[in-house]
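The next block holds one structure in the form of structure tokens; read it before the comments.
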Amino acid sequence: MKKMKLFNSLKNQNSQKCYIPYIDSSGKALKEDEILFTNEENFQGRQTLESWDGNPENMQAWNVFSEGAELVYDDAGNFPVALMTDKGELMYLKISAVTGEVLPIHAGCCPSLDVIYTGPPQAGKTVHILQMSDPAFHDTLVRGTGCSFEDDLPSSAPARRRYEEAGARFKQHFLPAPTRRGEIILPYVYYVTSGQGSEKRHVLLRFQDIDGEECVDMPWNSKIFPYNYFFMTIGADELLAGERGEPVQYTRMVDKFLPRLRVLRRDRDFEIVVIVTKCDLLDQNDPLLTDAFENSIRMEGGRMVRTTHADGFDFKAFENRGECMRRYLQSECPNFYNKLVNAVPGQRITFSMIASIGSACDGESFEDYRPFCIDEPVLAILAKKGMYPISSHSSVHPQEERVDSLTGSGAGGFLKKLQSLLEM
Ligand SMILES: Nc1nc2c(ncn2[C@@H]2O[C@H](COP(=O)(O)OP(=O)(O)OP(=O)(O)O)[C@@H](O)[C@H]2O)c(=O)[nH]1
Ligand SMILES: [Mg+2]
């Protein structure tokens, strides 16, 4: 009884926070008072929902230090998801005080895995990102695991609508149009939950697309650099063209990318996942790739199911495939490969292969849909963070990078842990 009283009194001390800095699209790590809280009524007539274009100071917005604000937590803990004003008004939209952009519901509540696709035009970035944001694909990933993916952007913004439509058309076998230079593309942000009971853990997973033009003609202030995962996509068609001595764009992209990475990311707190796309174009009998073509997914009556990672992520299988691709790149485009490994420490680079469509595309559409290993890049980063089960077949367990804050060590997370102890 006494224990529960103590728990309840701590629960009411809403001032306990353990804010996890959220990095907005400009690359700025926001301070907790730079996350403003408002609601849709306060927005009306002023802006489009993806970005507030007025002066944030004139907006009726609160922050966690505003007097009289009651902080509303959910199971992620660490930072509130909403505020209740002293007049009983609920402020449930988070806005960056720096850029005015609308932030995910769980900004500041849990760590964020920020992925940006980096690759020349026509490298298959948009097609893969559309697949990553398909609800049916989320079913494929989580079936039999207890994990969940929840859309964490609070608004349905016009800038997103183009992608929603492209996603629907993709399901009817139409290809997305090339991404326009400088186009504003809202990221897809998911609130991923994994584990059971007091072991439940949360992370934000953010996918950002970008146009290939910007990648080959990269400015020093490119928005690419704040991210912590670079999905470096290279089309197999370009690799083969390079082997024939034809001009290719991926070498231009890497020549722009590496010098900026060295200067702008001296923290080296990032990972590069080299994703060779359109792998259906590669020779399956190439001796360097003989073990690489066992597909990790299968289509069963229109539904995609996991095969290699059916019982949890199999790092051994993933690393074997990656090793084949690494050797292939080392042999076929040695200068690209050497540049990359000379600039980036080995443990920060992973090699993978996908084919989003897996068959020849005809202008604007495709006939056969035979996706290959499209689940692996995302599952690899989630599993490495302890956010996805690892297969018992996997003899290789990477060094776990679990961080305590994933369970929430602030008000919500701390209280969750305390409650489970008291219930023992
Ligand atoms: N053969 C084959 N072609 C593919 C596959 N995936 C994508 N493609 C082709 O690659 C083209 C480009 O794909 P996108 O996803 O639009 O490429 P992107 O990297 O977003 O290009 P930009 O928007 O111009 O930067 C598609 O239109 C298809 O023709 C695949 O699995 N196999
Ligand atoms: Mg694109």
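Ordering of the structure tokens sets the chain letters (A, B, ...), residue numbers begin anew at 1 in every chain, and ligands are numbered from 1 in the order given.
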
(message) Using only C-alpha atoms, which protein or nucleic acid residues come within 7 Å of Ile20 in chain A? Drop anything in the same chain fewer than 4 positions from it, and give the result as an NGL selection string.
(response) :A and (108-111)

(request) Return as a ChimeraX atom specification the residues of protein, DNA or RNA that approach ligand 1 to within 7 Å, with only C-alpha atoms and all ligand atoms taken into account. (result) /A:119-128,175-180,210-213,277-281,355-364,371

(request) Excluding range 329-339 of chain A and residues on its chain fewer than 2 positions from it, collect all residues at most 12 Å away from it, counting only C-alpha atoms, and give them as a ChimeraX atom specification. (result) /A:234,236,238-245,248-259,274-276,286-289,322-327,341-346,349,351-353

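Here the question is which of A:Tyr19, A:Tyr227, A:Tyr163, A:Tyr92 gets nearest to ligand 2 using only C-alpha atoms and all ligand atoms, and that residue is A:Tyr163.
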
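Residues in contact range of Val142 in chain A, defined as at most 12 Å between only C-alpha atoms, with sequence neighbours fewer than 6 positions away removed, read Pro135, Ala136, Ser148, Phe149, Glu150, Val192, Thr193, Ser194, Gly195, Met304, Val305, Arg306, His309, Ala310, Asp311, Gly312, Phe313, Asp375, Leu379, Leu382, Met387, Tyr388 and Pro389 of chain A.
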
May I have the residues from that selection written out with C-alpha atoms, as an mmCIF file, in the first residue's frame?
```
data_model
loop_
_atom_site.group_PDB
_atom_site.id
_atom_site.type_symbol
_atom_site.label_atom_id
_atom_site.label_comp_id
_atom_site.auth_asym_id
_atom_site.auth_seq_id
_atom_site.Cartn_x
_atom_site.Cartn_y
_atom_site.Cartn_z
ATOM 1 C CA PRO A 135 1.268 -0.550 -44.230
ATOM 2 C CA ALA A 136 1.242 -4.038 -45.800
ATOM 3 C CA SER A 148 4.807 -2.379 -34.129
ATOM 4 C CA PHE A 149 5.172 0.578 -36.495
ATOM 5 C CA GLU A 150 2.953 3.592 -35.861
ATOM 6 C CA VAL A 192 8.549 1.671 -33.379
ATOM 7 C CA THR A 193 7.823 -0.381 -30.284
ATOM 8 C CA SER A 194 9.533 -3.625 -29.390
ATOM 9 C CA GLY A 195 9.675 -5.922 -26.319
ATOM 10 C CA MET A 304 4.967 -10.577 -48.871
ATOM 11 C CA VAL A 305 6.404 -12.904 -46.218
ATOM 12 C CA ARG A 306 9.830 -13.089 -44.593
ATOM 13 C CA HIS A 309 14.447 -13.528 -41.130
ATOM 14 C CA ALA A 310 11.208 -15.385 -40.381
ATOM 15 C CA ASP A 311 12.360 -16.193 -36.810
ATOM 16 C CA GLY A 312 14.115 -12.915 -36.146
ATOM 17 C CA PHE A 313 16.930 -11.147 -37.916
ATOM 18 C CA ASP A 375 13.461 -5.882 -45.745
ATOM 19 C CA LEU A 379 15.768 -4.732 -40.171
ATOM 20 C CA LEU A 382 16.589 -2.048 -35.949
ATOM 21 C CA MET A 387 14.597 -3.078 -31.560
ATOM 22 C CA TYR A 388 13.942 -6.288 -33.489
ATOM 23 C CA PRO A 389 14.334 -9.911 -32.399
#
```

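Distances to Asp209 in chain A were evaluated for A:Phe230, A:Tyr73, A:Phe318, A:Phe65 using only C-alpha atoms, and the minimum falls at A:Phe230.
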
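Comparing the minimum interatomic distances between ligand 2 and each of A:Tyr190, A:Tyr117, A:Phe37, A:Phe79, counting only C-alpha atoms and all ligand atoms, we find that A:Tyr117 sits nearest.
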
(request) Provide the CA of Thr140 in chain A to CA of Ile354 in chain A distance in Å, to one decimal place. (result) 16.2 Å

(request) Among the residues of range 88-259 of chain A, find those DSSP assigns to strand (DSSP E) from the backbone and print them as a VMD selection string. (result) chain A and resid 90 to 91 93 to 96 102 to 103 112 to 118 148 to 151 188 to 194 201 to 208 229 to 235

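Proximity to ligand 2 was assessed for A:Asn320, A:Thr290, A:Gln208, A:Ser66 counting only C-alpha atoms and all ligand atoms; the smallest distance is recorded for A:Gln208.
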
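Among the candidates A:Ile272, A:Met218, A:Leu90, A:Met299, the one nearest to Gly182 in chain A when counting only C-alpha atoms is A:Met218.
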
(request) List every residue of range 296-357 of chain A that DSSP, applied to the backbone of this structure, places in alpha helix (DSSP H), and write the result as an NGL selection string. (result) :A and (315-332 or 334-343)

With C-alpha atoms retained, export the selected residues as a JSON list (two decimals), in the first residue's frame.
```json
[["chain", "number", "residue", "atom", "x", "y", "z"],
["A", 315, "PHE", "CA", 22.83, -11.45, -38.99],
["A", 316, "LYS", "CA", 24.92, -14.31, -40.32],
["A", 317, "ALA", "CA", 22.88, -14.56, -43.53],
["A", 318, "PHE", "CA", 22.83, -10.77, -43.89],
["A", 319, "GLU", "CA", 26.58, -10.49, -43.37],
["A", 320, "ASN", "CA", 27.33, -13.32, -45.80],
["A", 321, "ARG", "CA", 25.39, -11.52, -48.52],
["A", 322, "GLY", "CA", 27.09, -8.23, -47.58],
["A", 323, "GLU", "CA", 30.50, -9.87, -47.79],
["A", 324, "CYS", "CA", 29.73, -11.10, -51.35],
["A", 325, "MET", "CA", 28.72, -7.57, -52.37],
["A", 326, "ARG", "CA", 31.77, -6.07, -50.66],
["A", 327, "ARG", "CA", 34.08, -8.35, -52.66],
["A", 328, "TYR", "CA", 32.15, -7.65, -55.84],
["A", 329, "LEU", "CA", 32.52, -3.88, -55.43],
["A", 330, "GLN", "CA", 36.17, -4.26, -54.48],
["A", 331, "SER", "CA", 36.77, -6.18, -57.69],
["A", 332, "GLU", "CA", 34.50, -4.31, -60.12],
["A", 334, "PRO", "CA", 37.91, -0.70, -56.81],
["A", 335, "ASN", "CA", 38.40, 3.05, -56.77],
["A", 336, "PHE", "CA", 34.88, 3.68, -55.49],
["A", 337, "TYR", "CA", 35.31, 0.94, -52.89],
["A", 338, "ASN", "CA", 38.75, 2.08, -51.73],
["A", 339, "LYS", "CA", 37.65, 5.72, -51.47],
["A", 340, "LEU", "CA", 34.78, 4.70, -49.27],
["A", 341, "VAL", "CA", 36.69, 2.41, -46.92],
["A", 342, "ASN", "CA", 39.62, 4.83, -46.70],
["A", 343, "ALA", "CA", 37.28, 7.60, -45.57]]
```

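Each of A:Arg201, A:Arg348, A:Arg206, A:Lys384 was checked against Ser133 in chain A using only C-alpha atoms; the smallest atom-to-atom distance is that of A:Arg206.
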
Write out as a Markdown table a residue-level contact list of range 129-166 of chain A versus range 97-103 of chain A with cut-off 10 Å: for each qualifying residue the closest pair of atoms and the distance in Å to one decimal, counting only C-alpha atoms, rows sorted by chain and residue number upward.
```
| residue | atom | partner | partner_atom | distance |
| --- | --- | --- | --- | --- |
| A:Asp152 | CA | A:Leu103 | CA | 8.8 |
| A:Leu153 | CA | A:Leu103 | CA | 6.9 |
| A:Pro154 | CA | A:Leu103 | CA | 7.9 |
| A:Ser155 | CA | A:Val102 | CA | 8.1 |
| A:Ala157 | CA | A:Val102 | CA | 9.8 |
```

N, CA and C atoms of the current selection, written as a CSV table (one decimal), in the first residue's frame:
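result-v4.csv, freshly written:
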```
chain,number,residue,atom,x,y,z
A,152,ASP,N,4.0,8.5,-36.9
A,152,ASP,CA,4.1,9.4,-35.8
A,152,ASP,C,4.0,10.9,-36.3
A,153,LEU,N,3.7,11.1,-37.6
A,153,LEU,CA,3.5,12.5,-37.9
A,153,LEU,C,2.0,12.9,-37.7
A,154,PRO,N,1.8,14.0,-37.0
A,154,PRO,CA,0.4,14.3,-36.5
A,154,PRO,C,-0.5,14.9,-37.6
A,155,SER,N,0.1,15.2,-38.8
A,155,SER,CA,-0.8,15.9,-39.7
A,155,SER,C,-0.8,15.2,-41.1
A,157,ALA,N,-0.1,16.3,-44.4
A,157,ALA,CA,0.3,17.5,-45.1
A,157,ALA,C,0.3,17.4,-46.6
```

(request) Enter the distance from CA of Phe207 in chain A to CA of Asp114 in chain A, in Å, rounded to one decimal. (result) 6.5 Å
